[in-house]
>>> print(open('work27.cif').read())   # mmCIF, C-alpha atoms (C1' of nucleotides)
data_my_file
loop_
_atom_site.label_atom_id
_atom_site.label_comp_id
_atom_site.auth_asym_id
_atom_site.auth_seq_id
_atom_site.Cartn_x
_atom_site.Cartn_y
_atom_site.Cartn_z
CA MET A 222 0.89 39.69 -124.72
CA PRO A 223 -1.41 40.95 -121.99
CA THR A 224 -0.73 44.64 -121.49
CA GLY A 225 -4.32 45.73 -121.95
CA ARG A 226 -6.43 48.10 -120.01
CA ARG A 227 -7.99 45.30 -118.01
CA GLU A 228 -4.71 44.31 -116.46
CA ARG A 229 -3.94 47.88 -115.56
CA LYS A 230 -7.34 48.29 -113.97
CA LYS A 231 -6.87 45.11 -112.02
CA ALA A 232 -3.48 46.19 -110.73
CA ALA A 233 -4.91 49.57 -109.81
CA THR A 234 -7.74 47.98 -107.85
CA ARG A 235 -5.29 45.72 -106.07
CA GLN A 236 -3.10 48.65 -105.13
CA LYS A 237 -6.07 50.71 -104.02
CA ILE A 238 -7.09 47.91 -101.66
CA ALA A 239 -3.58 47.40 -100.29
CA ASP A 240 -3.15 51.13 -99.69
CA ALA A 241 -6.49 51.48 -97.95
CA ALA A 242 -5.73 48.46 -95.78
CA LEU A 243 -2.31 49.62 -94.72
CA ARG A 244 -3.58 53.09 -93.94
CA LEU A 245 -6.40 51.82 -91.74
CA PHE A 246 -4.22 49.22 -90.06
CA LEU A 247 -1.58 51.76 -89.13
CA GLU A 248 -4.18 54.26 -87.98
CA ARG A 249 -6.21 52.04 -85.73
CA GLY A 250 -4.35 48.73 -85.39
CA TYR A 251 -4.54 45.52 -87.38
CA GLU A 252 -7.03 43.64 -85.24
CA ALA A 253 -9.25 46.65 -84.72
CA VAL A 254 -9.98 47.00 -88.43
CA GLY A 255 -12.38 44.58 -90.08
CA ILE A 256 -12.31 43.30 -93.63
CA ARG A 257 -15.63 44.97 -94.31
CA GLU A 258 -14.15 48.32 -93.34
CA VAL A 259 -11.16 47.85 -95.60
CA ALA A 260 -13.41 46.96 -98.48
CA ALA A 261 -15.58 49.98 -97.85
CA GLU A 262 -12.55 52.27 -97.62
CA ALA A 263 -11.24 50.93 -100.94
CA ASP A 264 -14.75 51.15 -102.36
CA VAL A 265 -14.94 47.53 -103.46
CA ALA A 266 -17.01 44.56 -102.39
CA VAL A 267 -15.68 42.11 -99.83
CA THR A 268 -15.57 39.34 -102.40
CA THR A 269 -13.54 41.54 -104.71
CA LEU A 270 -11.03 42.09 -101.94
CA PHE A 271 -10.67 38.36 -101.51
CA SER A 272 -10.21 37.83 -105.22
CA HIS A 273 -7.08 39.97 -104.98
CA PHE A 274 -5.77 38.77 -101.62
CA ALA A 275 -6.05 35.30 -100.20
CA SER A 276 -6.50 36.43 -96.62
CA LYS A 277 -6.53 39.43 -94.34
CA GLU A 278 -2.90 38.84 -93.43
CA ALA A 279 -1.89 38.83 -97.09
CA LEU A 280 -2.91 42.48 -97.24
CA VAL A 281 0.03 43.32 -95.02
CA PHE A 282 2.62 41.18 -96.80
CA GLU A 283 1.65 42.53 -100.16
CA GLN A 284 5.09 42.36 -101.75
CA ASP A 285 5.87 38.94 -100.42
CA GLU A 286 6.70 37.70 -103.91
CA ASP A 287 9.35 40.33 -104.50
CA PHE A 288 11.15 38.98 -101.49
CA GLU A 289 11.05 35.48 -102.87
CA HIS A 290 12.30 36.56 -106.30
CA ARG A 291 15.17 38.55 -104.87
CA LEU A 292 16.38 35.54 -102.94
CA THR A 293 16.29 33.09 -105.81
CA GLN A 294 17.78 35.65 -108.19
CA ALA A 295 20.66 36.21 -105.80
CA VAL A 296 21.46 32.55 -106.44
CA THR A 297 20.76 32.26 -110.15
CA ASP A 298 21.96 35.68 -111.32
CA ARG A 299 25.24 35.90 -109.47
CA ALA A 300 28.50 36.35 -111.33
CA PRO A 301 29.95 33.17 -112.82
CA HIS A 302 32.07 31.22 -110.34
CA GLU A 303 31.07 33.50 -107.50
CA PRO A 304 30.57 31.37 -104.40
CA LEU A 305 27.00 30.88 -103.29
CA LEU A 306 27.03 32.11 -99.75
CA PRO A 307 28.65 35.53 -100.15
CA ALA A 308 26.03 36.33 -102.74
CA LEU A 309 23.25 35.28 -100.39
CA ARG A 310 24.84 37.15 -97.54
CA ARG A 311 24.84 40.34 -99.58
CA GLU A 312 21.19 39.91 -100.44
CA ILE A 313 20.16 39.18 -96.85
CA HIS A 314 22.09 42.22 -95.75
CA ALA A 315 20.13 44.34 -98.17
CA LEU A 316 16.81 42.84 -97.15
CA VAL A 317 17.49 43.29 -93.45
CA ARG A 318 18.57 46.86 -94.02
CA HIS A 319 15.38 47.44 -95.94
CA CYS A 320 13.21 46.05 -93.15
CA THR A 321 14.93 47.92 -90.36
CA ALA A 322 14.87 51.24 -92.16
CA ASP A 323 13.10 54.03 -90.34
CA GLY A 324 10.10 54.24 -92.64
CA ALA A 325 9.29 50.56 -92.23
CA ALA A 326 9.41 50.60 -88.46
CA PRO A 327 5.68 51.14 -87.79
CA ILE A 328 4.75 48.28 -90.09
CA TRP A 329 7.06 45.76 -88.43
CA GLN A 330 5.94 46.98 -85.04
CA MET A 331 2.38 46.23 -86.07
CA ILE A 332 3.35 42.78 -87.32
CA GLU A 333 5.11 41.87 -84.10
CA ALA A 334 2.10 43.01 -82.11
CA SER A 335 -0.25 40.61 -83.86
CA PRO A 336 0.04 36.84 -83.36
CA ALA A 337 -1.91 36.23 -86.54
CA LEU A 338 0.56 38.23 -88.58
CA ARG A 339 3.56 36.60 -86.96
CA GLU A 340 2.15 33.17 -87.69
CA TYR A 341 1.45 34.11 -91.27
CA GLU A 342 4.94 35.41 -91.75
CA GLU A 343 6.36 32.18 -90.40
CA SER A 344 4.53 30.09 -92.95
CA MET A 345 5.62 32.51 -95.67
CA ARG A 346 9.19 31.86 -94.65
CA LEU A 347 8.69 28.14 -95.13
CA ARG A 348 7.64 28.79 -98.71
CA HIS A 349 10.59 31.07 -99.28
CA ALA A 350 12.96 28.48 -97.88
CA GLU A 351 11.55 25.88 -100.26
CA SER A 352 11.98 28.18 -103.26
CA LEU A 353 15.50 28.99 -102.20
CA ALA A 354 16.28 25.32 -101.72
CA ALA A 355 15.09 24.63 -105.24
CA ALA A 356 17.29 27.40 -106.61
CA ILE A 357 20.30 26.10 -104.72
CA ALA A 358 19.66 22.55 -105.85
CA ALA A 359 19.52 23.74 -109.46
CA ASP A 360 22.87 25.48 -109.16
CA PRO A 361 25.45 24.10 -111.60
CA GLU A 362 28.33 24.40 -109.13
CA ARG A 363 26.73 22.41 -106.40
CA SER A 364 27.83 19.07 -105.07
CA GLN A 365 25.26 18.71 -102.29
CA THR A 366 22.50 16.36 -101.35
CA THR A 367 18.87 17.47 -101.42
CA THR A 368 18.81 17.52 -97.65
CA ALA A 369 21.88 19.74 -97.51
CA CYS A 370 20.33 22.21 -99.94
CA ARG A 371 17.11 22.41 -97.99
CA THR A 372 19.06 22.77 -94.77
CA ILE A 373 21.17 25.65 -96.02
CA ALA A 374 18.08 27.35 -97.40
CA ARG A 375 16.40 27.16 -94.00
CA PHE A 376 19.48 28.46 -92.28
CA VAL A 377 19.59 31.45 -94.61
CA ILE A 378 15.95 32.26 -93.93
CA ASP A 379 16.62 31.85 -90.22
CA ALA A 380 19.43 34.36 -90.57
CA TYR A 381 17.03 36.89 -92.00
CA SER A 382 14.49 36.28 -89.28
CA LEU A 383 16.94 36.30 -86.38
CA ALA A 384 18.95 39.26 -87.57
CA ARG A 385 15.88 41.45 -87.81
CA GLU A 386 15.24 40.93 -84.11
CA ALA A 387 18.83 41.41 -83.00
CA ALA A 388 20.12 44.54 -81.35
CA ASP A 389 22.57 45.13 -84.18
CA PRO A 390 20.95 43.53 -87.23
CA GLU A 391 23.85 44.04 -89.62
CA ALA A 392 26.36 42.49 -87.27
CA ALA A 393 24.00 39.62 -86.59
CA VAL A 394 23.80 38.80 -90.29
CA ASP A 395 27.56 38.49 -90.42
CA GLU A 396 27.74 36.44 -87.25
CA ILE A 397 25.11 33.98 -88.42
CA PHE A 398 26.55 33.73 -91.90
CA ARG A 399 29.90 32.77 -90.45
CA MET A 400 28.11 29.81 -88.90
CA ILE A 401 26.30 29.01 -92.12
CA GLU A 402 29.54 29.08 -94.10
CA ALA A 403 31.00 26.52 -91.73
CA ALA A 404 27.95 24.30 -92.13
CA TRP A 405 28.17 24.64 -95.89
CA GLU A 406 31.82 23.64 -95.96
CA VAL A 407 31.00 20.43 -94.15
CA ALA A 408 28.17 19.67 -96.57
CA ALA A 409 30.29 20.45 -99.63
CA PRO A 410 33.20 18.07 -99.66
CA ALA A 411 34.38 19.27 -103.09
CA ARG A 412 35.89 22.52 -104.37
CA ARG A 413 38.42 24.56 -102.42
CA ALA A 414 41.52 22.91 -100.97
CA MET X 26 -0.56 19.79 -53.46
CA PRO X 27 -3.12 19.31 -56.15
CA THR X 28 -3.94 15.65 -56.56
CA GLY X 29 -7.62 15.97 -55.91
CA ARG X 30 -10.61 14.70 -57.74
CA ARG X 31 -11.11 18.02 -59.51
CA GLU X 32 -7.79 17.80 -61.25
CA ARG X 33 -8.47 14.25 -62.28
CA LYS X 34 -11.85 15.21 -63.64
CA LYS X 35 -10.34 18.08 -65.55
CA ALA X 36 -7.67 15.91 -67.07
CA ALA X 37 -10.27 13.31 -67.97
CA THR X 38 -12.43 15.89 -69.71
CA ARG X 39 -9.45 17.18 -71.60
CA GLN X 40 -8.51 13.71 -72.71
CA LYS X 41 -12.07 12.90 -73.66
CA ILE X 42 -12.15 15.95 -75.90
CA ALA X 43 -8.78 15.21 -77.47
CA ASP X 44 -9.74 11.60 -78.15
CA ALA X 45 -13.06 12.51 -79.68
CA ALA X 46 -11.40 15.14 -81.85
CA LEU X 47 -8.67 12.87 -83.13
CA ARG X 48 -11.14 10.10 -83.87
CA LEU X 49 -13.43 12.38 -85.88
CA PHE X 50 -10.55 14.09 -87.65
CA LEU X 51 -9.05 10.79 -88.77
CA GLU X 52 -12.42 9.42 -89.80
CA ARG X 53 -13.65 12.29 -91.89
CA GLY X 54 -10.76 14.73 -92.31
CA TYR X 55 -9.67 17.73 -90.29
CA GLU X 56 -11.42 20.45 -92.25
CA ALA X 57 -14.60 18.45 -92.66
CA VAL X 58 -15.22 18.29 -88.92
CA GLY X 59 -16.50 21.35 -87.09
CA ILE X 60 -15.79 22.40 -83.55
CA ARG X 61 -19.44 22.00 -82.68
CA GLU X 62 -19.32 18.38 -83.77
CA VAL X 63 -16.25 17.67 -81.69
CA ALA X 64 -17.87 19.21 -78.66
CA ALA X 65 -21.02 17.18 -79.21
CA GLU X 66 -19.04 13.97 -79.63
CA ALA X 67 -17.15 14.63 -76.41
CA ASP X 68 -20.42 15.65 -74.76
CA VAL X 69 -19.21 19.05 -73.61
CA ALA X 70 -20.11 22.61 -74.50
CA VAL X 71 -18.14 24.48 -77.13
CA THR X 72 -16.90 26.95 -74.54
CA THR X 73 -15.66 24.09 -72.39
CA LEU X 74 -13.70 22.77 -75.31
CA PHE X 75 -12.05 26.15 -75.73
CA SER X 76 -11.23 26.34 -72.05
CA HIS X 77 -9.08 23.24 -72.51
CA PHE X 78 -7.62 24.01 -75.93
CA ALA X 79 -6.72 27.41 -77.28
CA SER X 80 -7.75 26.63 -80.84
CA LYS X 81 -8.99 23.92 -83.14
CA GLU X 82 -5.44 23.20 -84.27
CA ALA X 83 -4.29 22.73 -80.67
CA LEU X 84 -6.56 19.68 -80.50
CA VAL X 85 -4.22 17.91 -82.88
CA PHE X 86 -0.96 18.96 -81.24
CA GLU X 87 -2.17 17.96 -77.84
CA GLN X 88 1.20 16.89 -76.41
CA ASP X 89 3.04 19.89 -77.77
CA GLU X 90 4.41 20.71 -74.31
CA ASP X 91 6.00 17.31 -73.86
CA PHE X 92 8.03 18.00 -76.94
CA GLU X 93 9.22 21.30 -75.57
CA HIS X 94 10.16 19.83 -72.20
CA ARG X 95 12.08 16.98 -73.76
CA LEU X 96 14.18 19.40 -75.76
CA THR X 97 15.07 21.69 -72.89
CA GLN X 98 15.70 18.75 -70.58
CA ALA X 99 18.07 17.25 -73.11
CA VAL X 100 20.13 20.39 -72.52
CA THR X 101 19.74 20.85 -68.79
CA ASP X 102 19.73 17.22 -67.65
CA ARG X 103 22.64 15.91 -69.65
CA ALA X 104 25.63 14.32 -67.95
CA PRO X 105 28.17 16.78 -66.54
CA HIS X 106 30.70 17.89 -69.12
CA GLU X 107 28.86 16.14 -71.91
CA PRO X 108 28.98 18.35 -75.00
CA LEU X 109 25.75 20.05 -75.92
CA LEU X 110 25.18 18.93 -79.47
CA PRO X 111 25.52 15.16 -79.13
CA ALA X 112 22.91 15.29 -76.40
CA LEU X 113 20.59 17.27 -78.63
CA ARG X 114 21.26 14.99 -81.55
CA ARG X 115 20.25 11.99 -79.49
CA GLU X 116 17.02 13.65 -78.46
CA ILE X 117 16.14 14.75 -81.99
CA HIS X 118 16.83 11.23 -83.16
CA ALA X 119 14.35 9.90 -80.65
CA LEU X 120 11.73 12.48 -81.53
CA VAL X 121 12.03 11.85 -85.24
CA ARG X 122 11.82 8.13 -84.73
CA HIS X 123 8.71 8.68 -82.65
CA CYS X 124 7.04 10.80 -85.35
CA THR X 125 7.86 8.49 -88.21
CA ALA X 126 6.69 5.37 -86.42
CA ASP X 127 3.99 3.42 -88.20
CA GLY X 128 1.20 4.24 -85.79
CA ALA X 129 1.72 7.97 -86.15
CA ALA X 130 1.62 7.96 -89.95
CA PRO X 131 -2.07 8.81 -90.42
CA ILE X 132 -1.82 11.75 -88.08
CA TRP X 133 1.15 13.31 -89.85
CA GLN X 134 -0.49 12.66 -93.16
CA MET X 135 -3.51 14.59 -91.97
CA ILE X 136 -1.32 17.44 -90.75
CA GLU X 137 0.48 17.72 -94.05
CA ALA X 138 -2.84 17.79 -95.88
CA SER X 139 -4.10 20.83 -93.98
CA PRO X 140 -2.53 24.26 -94.49
CA ALA X 141 -3.98 25.45 -91.21
CA LEU X 142 -2.27 22.66 -89.31
CA ARG X 143 1.03 23.16 -91.10
CA GLU X 144 0.94 26.85 -90.28
CA TYR X 145 0.14 26.14 -86.66
CA GLU X 146 3.00 23.68 -86.39
CA GLU X 147 5.39 26.25 -87.80
CA SER X 148 4.52 28.79 -85.15
CA MET X 149 4.83 26.07 -82.51
CA ARG X 150 8.35 25.45 -83.71
CA LEU X 151 9.19 29.10 -83.23
CA ARG X 152 8.14 28.82 -79.61
CA HIS X 153 10.14 25.65 -79.15
CA ALA X 154 13.19 27.26 -80.67
CA GLU X 155 12.89 30.16 -78.24
CA SER X 156 12.64 27.83 -75.26
CA LEU X 157 15.59 25.85 -76.48
CA ALA X 158 17.59 29.02 -77.03
CA ALA X 159 16.87 30.05 -73.46
CA ALA X 160 18.04 26.67 -72.18
CA ILE X 161 21.22 26.87 -74.22
CA ALA X 162 21.91 30.41 -73.10
CA ALA X 163 21.53 29.30 -69.48
CA ASP X 164 24.06 26.51 -69.89
CA PRO X 165 27.07 26.90 -67.61
CA GLU X 166 29.57 25.66 -70.20
CA ARG X 167 28.62 28.08 -72.88
CA SER X 168 30.73 30.85 -74.27
CA GLN X 169 28.31 32.12 -76.92
CA THR X 170 26.50 35.28 -77.77
CA THR X 171 22.73 35.50 -77.52
CA THR X 172 22.47 35.52 -81.29
CA ALA X 173 24.55 32.37 -81.57
CA CYS X 174 22.37 30.56 -79.04
CA ARG X 175 19.20 31.51 -80.84
CA THR X 176 20.73 30.54 -84.13
CA ILE X 177 21.77 27.09 -82.98
CA ALA X 178 18.35 26.54 -81.43
CA ARG X 179 16.68 27.35 -84.73
CA PHE X 180 19.02 25.07 -86.59
CA VAL X 181 18.20 22.20 -84.26
CA ILE X 182 14.48 22.71 -84.74
CA ASP X 183 15.05 22.90 -88.48
CA ALA X 184 16.84 19.57 -88.28
CA TYR X 185 13.78 18.01 -86.69
CA SER X 186 11.47 19.50 -89.29
CA LEU X 187 13.62 18.66 -92.29
CA ALA X 188 14.54 15.16 -91.19
CA ARG X 189 10.91 14.19 -90.80
CA GLU X 190 10.31 14.94 -94.45
CA ALA X 191 13.45 13.26 -95.75
CA ALA X 192 13.49 9.89 -97.44
CA ASP X 193 15.72 8.46 -94.71
CA PRO X 194 14.89 10.50 -91.59
CA GLU X 195 17.54 8.98 -89.34
CA ALA X 196 20.33 9.58 -91.82
CA ALA X 197 19.09 13.11 -92.41
CA VAL X 198 19.36 13.90 -88.70
CA ASP X 199 23.00 12.86 -88.76
CA GLU X 200 23.72 14.76 -91.95
CA ILE X 201 22.18 17.98 -90.67
CA PHE X 202 23.79 17.68 -87.27
CA ARG X 203 27.20 17.42 -88.89
CA MET X 204 26.46 20.83 -90.38
CA ILE X 205 25.21 22.20 -87.06
CA GLU X 206 28.31 20.97 -85.25
CA ALA X 207 30.44 22.90 -87.70
CA ALA X 208 28.38 26.03 -87.17
CA TRP X 209 28.66 25.61 -83.41
CA GLU X 210 32.43 25.27 -83.53
CA VAL X 211 32.68 28.57 -85.34
CA ALA X 212 30.42 30.27 -82.82
CA ALA X 213 32.27 28.79 -79.82
CA PRO X 214 35.83 30.07 -79.93
CA ALA X 215 36.65 28.60 -76.52
CA ARG X 216 37.01 25.04 -75.21
CA ARG X 217 38.68 22.31 -77.25
CA ALA X 218 42.06 22.99 -78.83
"C1'" DT S 145 -17.04 44.37 -136.93
"C1'" DT S 146 -19.31 41.42 -134.54
"C1'" DT S 147 -19.50 37.74 -131.58
"C1'" DT S 148 -17.97 35.28 -127.80
"C1'" DG S 149 -16.09 33.87 -123.64
"C1'" DA S 150 -13.52 34.77 -119.74
"C1'" DA S 151 -12.59 37.48 -115.94
"C1'" DA S 152 -13.32 41.43 -112.81
"C1'" DC S 153 -16.68 42.98 -109.88
"C1'" DA S 154 -20.85 43.12 -106.94
"C1'" DC S 155 -24.42 41.59 -103.60
"C1'" DT S 156 -26.61 38.45 -100.26
"C1'" DA S 157 -26.40 35.09 -97.12
"C1'" DA S 158 -24.34 31.95 -94.93
"C1'" DC S 159 -20.47 28.88 -92.54
"C1'" DC S 160 -17.15 28.31 -89.05
"C1'" DG S 161 -13.79 29.36 -85.43
"C1'" DT S 162 -13.78 31.98 -81.52
"C1'" DT S 163 -15.21 34.98 -77.66
"C1'" DA S 164 -18.06 37.74 -74.41
"C1'" DG S 165 -21.43 37.52 -70.95
"C1'" DT S 166 -23.68 35.12 -67.48
"C1'" DG S 167 -24.52 31.88 -64.20
"C1'" DC S 168 -24.59 27.22 -61.97
"C1'" DT S 169 -22.26 23.55 -59.65
"C1'" DA S 170 -18.81 21.01 -57.41
"C1'" DC S 171 -14.84 20.66 -55.05
"C1'" DG S 172 -10.55 21.83 -51.91
"C1'" DG S 173 -8.90 24.45 -48.21
"C1'" DT S 174 -9.89 26.74 -44.01
"C1'" DA E 179 -19.53 23.53 -42.31
"C1'" DC E 180 -18.41 27.30 -45.15
"C1'" DC E 181 -16.31 30.03 -48.70
"C1'" DG E 182 -13.97 30.97 -52.78
"C1'" DT E 183 -12.38 29.34 -56.85
"C1'" DA E 184 -12.51 27.01 -61.03
"C1'" DG E 185 -14.75 23.82 -64.20
"C1'" DC E 186 -18.58 23.73 -66.96
"C1'" DA E 187 -22.73 25.23 -69.50
"C1'" DC E 188 -25.75 28.09 -72.51
"C1'" DT E 189 -26.94 31.86 -75.68
"C1'" DA E 190 -25.58 35.10 -78.83
"C1'" DA E 191 -22.73 37.33 -81.21
"C1'" DC E 192 -18.38 38.93 -83.89
"C1'" DG E 193 -15.15 38.61 -87.73
"C1'" DG E 194 -12.83 36.14 -91.56
"C1'" DT E 195 -14.08 33.57 -95.41
"C1'" DT E 196 -16.79 31.37 -99.11
"C1'" DA E 197 -20.79 29.78 -102.12
"C1'" DG E 198 -24.07 31.18 -105.19
"C1'" DT E 199 -25.61 34.25 -108.59
"C1'" DG E 200 -25.61 37.79 -111.68
"C1'" DT E 201 -23.69 42.00 -114.29
"C1'" DT E 202 -20.27 44.59 -116.71
"C1'" DT E 203 -16.01 44.91 -119.31
"C1'" DC E 204 -12.69 43.84 -122.25
"C1'" DA E 205 -9.60 40.87 -125.61
"C1'" DA E 206 -9.39 38.13 -129.17
"C1'" DA E 207 -11.53 34.86 -132.64
"C1'" DA E 208 -14.76 34.83 -136.45
#
>>> encode(input="work27.cif", output="structure tokens")
Amino acid sequence: MPTGRRERKKAATRQKIADAALRLFLERGYEAVGIREVAAEADVAVTTLFSHFASKEALVFEQDEDFEHRLTQAVTDRAPHEPLLPALRREIHALVRHCTADGAAPIWQMIEASPALREYEESMRLRHAESLAAAIAADPERSQTTTACRTIARFVIDAYSLAREAADPEAAVDEIFRMIEAAWEVAAPARRA
Amino acid sequence: MPTGRRERKKAATRQKIADAALRLFLERGYEAVGIREVAAEADVAVTTLFSHFASKEALVFEQDEDFEHRLTQAVTDRAPHEPLLPALRREIHALVRHCTADGAAPIWQMIEASPALREYEESMRLRHAESLAAAIAADPERSQTTTACRTIARFVIDAYSLAREAADPEAAVDEIFRMIEAAWEVAAPARRA
DNA sequence: TTTTGAAACACTAACCGTTAGTGCTACGGT
DNA sequence: ACCGTAGCACTAACGGTTAGTGTTTCAAAA
């Protein structure tokens, strides 16, 4: 039921903070900008900033949850009887394309320049892999062990991470997914002749 | 030829710090112990502590470099003409067994209880995967692309990470390596009929 | 409508990991 | 015996983060 003014105000404040942060970070570099400056720029108190974002790094990965939802939805919302991996491959393709688009370049450049941000992204990926593993394990067509599901989920996240750094990201996705398909066949003794 | 007293003293100081840290961390919990306490317990200055360890988390993963060397050596020092993956599987088996041994249980329990330590370990694994990828890429018997080498390296590190958390770690290593072998076959079009 | 309670927001002050900046001391190589 | 380096120490600070406390704002129960 909550569609009140309060929620809208809260979302607006959150967005105002994220926008201010990204602007300052891109202007002067992530490490060179302090939390107190971001808060001042967004015209909120430091504690307010931290009630919207768990850490300084979280300011950069603001739409982290979208990423997670898209991955699990690629599994749960795919057409009936469509095999798992092609659906995931399509989604990873889209995500990689999105990240390597021209507009996003400065942001990813900033991330790769900061060890703190790289580390944070790594631990995000762990969470995403766990969510994906849960979605795969809940799939009705599966015939895999828990370990196999978690393994495939990790491999898929690895594909995203590795492809982004490759010279030809799109080709890398395909190359890695060929390997993942082979691994999946071995783990899935059923279905297909 | 550095075998002098200075080196011995330095190593001793380092060990003294690591021991003091581990003792305090296990006694009272990682987060509950401050750097200043560790330094006091080891009877060194805080700056000295940080000249031996890059961060608080590094105190816990003291022998991180051993791990890395063992992995790359498993690739470079294997018997001539021995296939790559069985050698790696053997090494991962040994490492997992080492981590799940009874004596190490409290340490890993502490690590899993601390988000900071988990995050640190994740970024360590990235480094290890890169080293391993370099070793694999340098292998004379290879016929793989750079992407394939990096991919397999990640998968191997994933195997270590996933197996440790599985109910039956040793069986999990075998299960995951069956999947990795399949992925490797696809990536290696040469050798074998 | 009025009351009520939760939640957003603010401010101060601190905690904690980490890093200059500086200098002393001890050791290995020449 | 001397010199240069590197280990070690101390003080002070910086920057992210949180506790404590209080105020305003709004949604829903009464």
>>> resolve_selection(input="work27.cif", expression="the PyMOL selection byres ((chain E and resi 206) around 12)", output="list in words")
Met222, Pro223 and Gly225 of chain A; DT146, DT147, DT148, DG149 and DA150 of chain S; DC204, DA205, DA207 and DA208 of chain E
>>> interface_residues(input="work27.cif", of="chain A", to="chain E", cutoff="9 Å", atoms="all atoms listed in the file", output="PyMOL selection string")
chain A and resi 223+225-227+255-256+268+271+276-277
>>> interface_residues(input="work27.cif", of="chain X", to="chain A", cutoff="7 Å", atoms="all atoms listed in the file", output="list in words")
Glu144, Glu147, Ser148, Thr172, Phe180, Ala197, Met204, Ile205, Ala207, Ala208, Trp209, Val211 and Ala212 of chain X
>>> write_last_selection(input="work27.cif", atoms="C-alpha atoms", output="CSV table (one decimal), keeping the file's coordinate frame")
chain,number,residue,atom,x,y,z
X,144,GLU,CA,0.9,26.8,-90.3
X,147,GLU,CA,5.4,26.2,-87.8
X,148,SER,CA,4.5,28.8,-85.2
X,172,THR,CA,22.5,35.5,-81.3
X,180,PHE,CA,19.0,25.1,-86.6
X,197,ALA,CA,19.1,13.1,-92.4
X,204,MET,CA,26.5,20.8,-90.4
X,205,ILE,CA,25.2,22.2,-87.1
X,207,ALA,CA,30.4,22.9,-87.7
X,208,ALA,CA,28.4,26.0,-87.2
X,209,TRP,CA,28.7,25.6,-83.4
X,211,VAL,CA,32.7,28.6,-85.3
X,212,ALA,CA,30.4,30.3,-82.8
>>> resolve_selection(input="work27.cif", expression="the PyMOL selection byres ((chain A and resi 244) around 12)", output="ChimeraX atom specification")
/A:237-243,245-251,254,258-259,262-263,280-281,327-328
>>> resolve_selection(input="work27.cif", expression="the PyMOL selection byres ((chain S) within 8 of (chain X))", output="number ranges by chain")
S: 160-161, 171-172
>>> axis_aligned_box(input="work27.cif", around="segment 124-143 of chain X", padding_each_side="4 Å", output="JSON")
{"center_x": 1.9, "center_y": 14.4, "center_z": -90.6, "size_x": 20.0, "size_y": 30.0, "size_z": 18.5}
>>> atom_distance(input="work27.cif", atom1="atom CA of Phe78 of chain X", atom2="atom CA of Arg39 of chain X")
8.3 Å
>>> atom_distance(input="work27.cif", atom1="atom CA of Arg152 of chain X", atom2="atom CA of Ile182 of chain X")
10.2 Å
>>> atom_distance(input="work27.cif", atom1="atom CA of His273 of chain A", atom2="atom C1' of DC155 of chain S")
17.5 Å
>>> residues_near_point(input="work27.cif", point="(-15.5, 41.8, -111.7)", cutoff="8 Å", atoms="all atoms listed in the file", output="VMD selection string")
(chain A and resid 269) or (chain S and resid 151 to 154) or (chain E and resid 202)
>>> closest_residue(input="work27.cif", among="X:Val100, X:Ile117, X:Ala112, X:Ile136", to="Ala162 of chain X", atoms="only C-alpha atoms")
X:Val100
>>> decode(input="work27.cif", residues="segment 200-209 of chain X", atoms="N, CA and C atoms", output="PDB file, in the first residue's frame")
ATOM      1  N   GLU X 200      33.447 -33.481  -7.999  1.00  0.00           N
ATOM      2  CA  GLU X 200      32.269 -33.142  -8.800  1.00  0.00           C
ATOM      3  C   GLU X 200      32.528 -31.910  -9.662  1.00  0.00           C
ATOM      4  N   ILE X 201      33.090 -30.876  -9.043  1.00  0.00           N
ATOM      5  CA  ILE X 201      33.320 -29.631  -9.783  1.00  0.00           C
ATOM      6  C   ILE X 201      34.404 -29.832 -10.838  1.00  0.00           C
ATOM      7  N   PHE X 202      35.416 -30.608 -10.493  1.00  0.00           N
ATOM      8  CA  PHE X 202      36.488 -30.804 -11.481  1.00  0.00           C
ATOM      9  C   PHE X 202      36.019 -31.610 -12.686  1.00  0.00           C
ATOM     10  N   ARG X 203      35.015 -32.456 -12.500  1.00  0.00           N
ATOM     11  CA  ARG X 203      34.461 -33.135 -13.673  1.00  0.00           C
ATOM     12  C   ARG X 203      33.872 -32.084 -14.626  1.00  0.00           C
ATOM     13  N   MET X 204      33.232 -31.078 -14.036  1.00  0.00           N
ATOM     14  CA  MET X 204      32.667 -30.016 -14.874  1.00  0.00           C
ATOM     15  C   MET X 204      33.767 -29.191 -15.532  1.00  0.00           C
ATOM     16  N   ILE X 205      34.830 -28.906 -14.787  1.00  0.00           N
ATOM     17  CA  ILE X 205      35.920 -28.112 -15.349  1.00  0.00           C
ATOM     18  C   ILE X 205      36.621 -28.861 -16.484  1.00  0.00           C
ATOM     19  N   GLU X 206      36.800 -30.160 -16.293  1.00  0.00           N
ATOM     20  CA  GLU X 206      37.432 -30.957 -17.353  1.00  0.00           C
ATOM     21  C   GLU X 206      36.641 -30.839 -18.648  1.00  0.00           C
ATOM     22  N   ALA X 207      35.331 -30.906 -18.519  1.00  0.00           N
ATOM     23  CA  ALA X 207      34.491 -30.790 -19.714  1.00  0.00           C
ATOM     24  C   ALA X 207      34.673 -29.433 -20.375  1.00  0.00           C
ATOM     25  N   ALA X 208      34.709 -28.398 -19.554  1.00  0.00           N
ATOM     26  CA  ALA X 208      34.891 -27.048 -20.096  1.00  0.00           C
ATOM     27  C   ALA X 208      36.247 -26.921 -20.786  1.00  0.00           C
ATOM     28  N   TRP X 209      37.241 -27.538 -20.203  1.00  0.00           N
ATOM     29  CA  TRP X 209      38.602 -27.482 -20.758  1.00  0.00           C
ATOM     30  C   TRP X 209      38.674 -28.205 -22.105  1.00  0.00           C
TER      31      TRP X 209
END
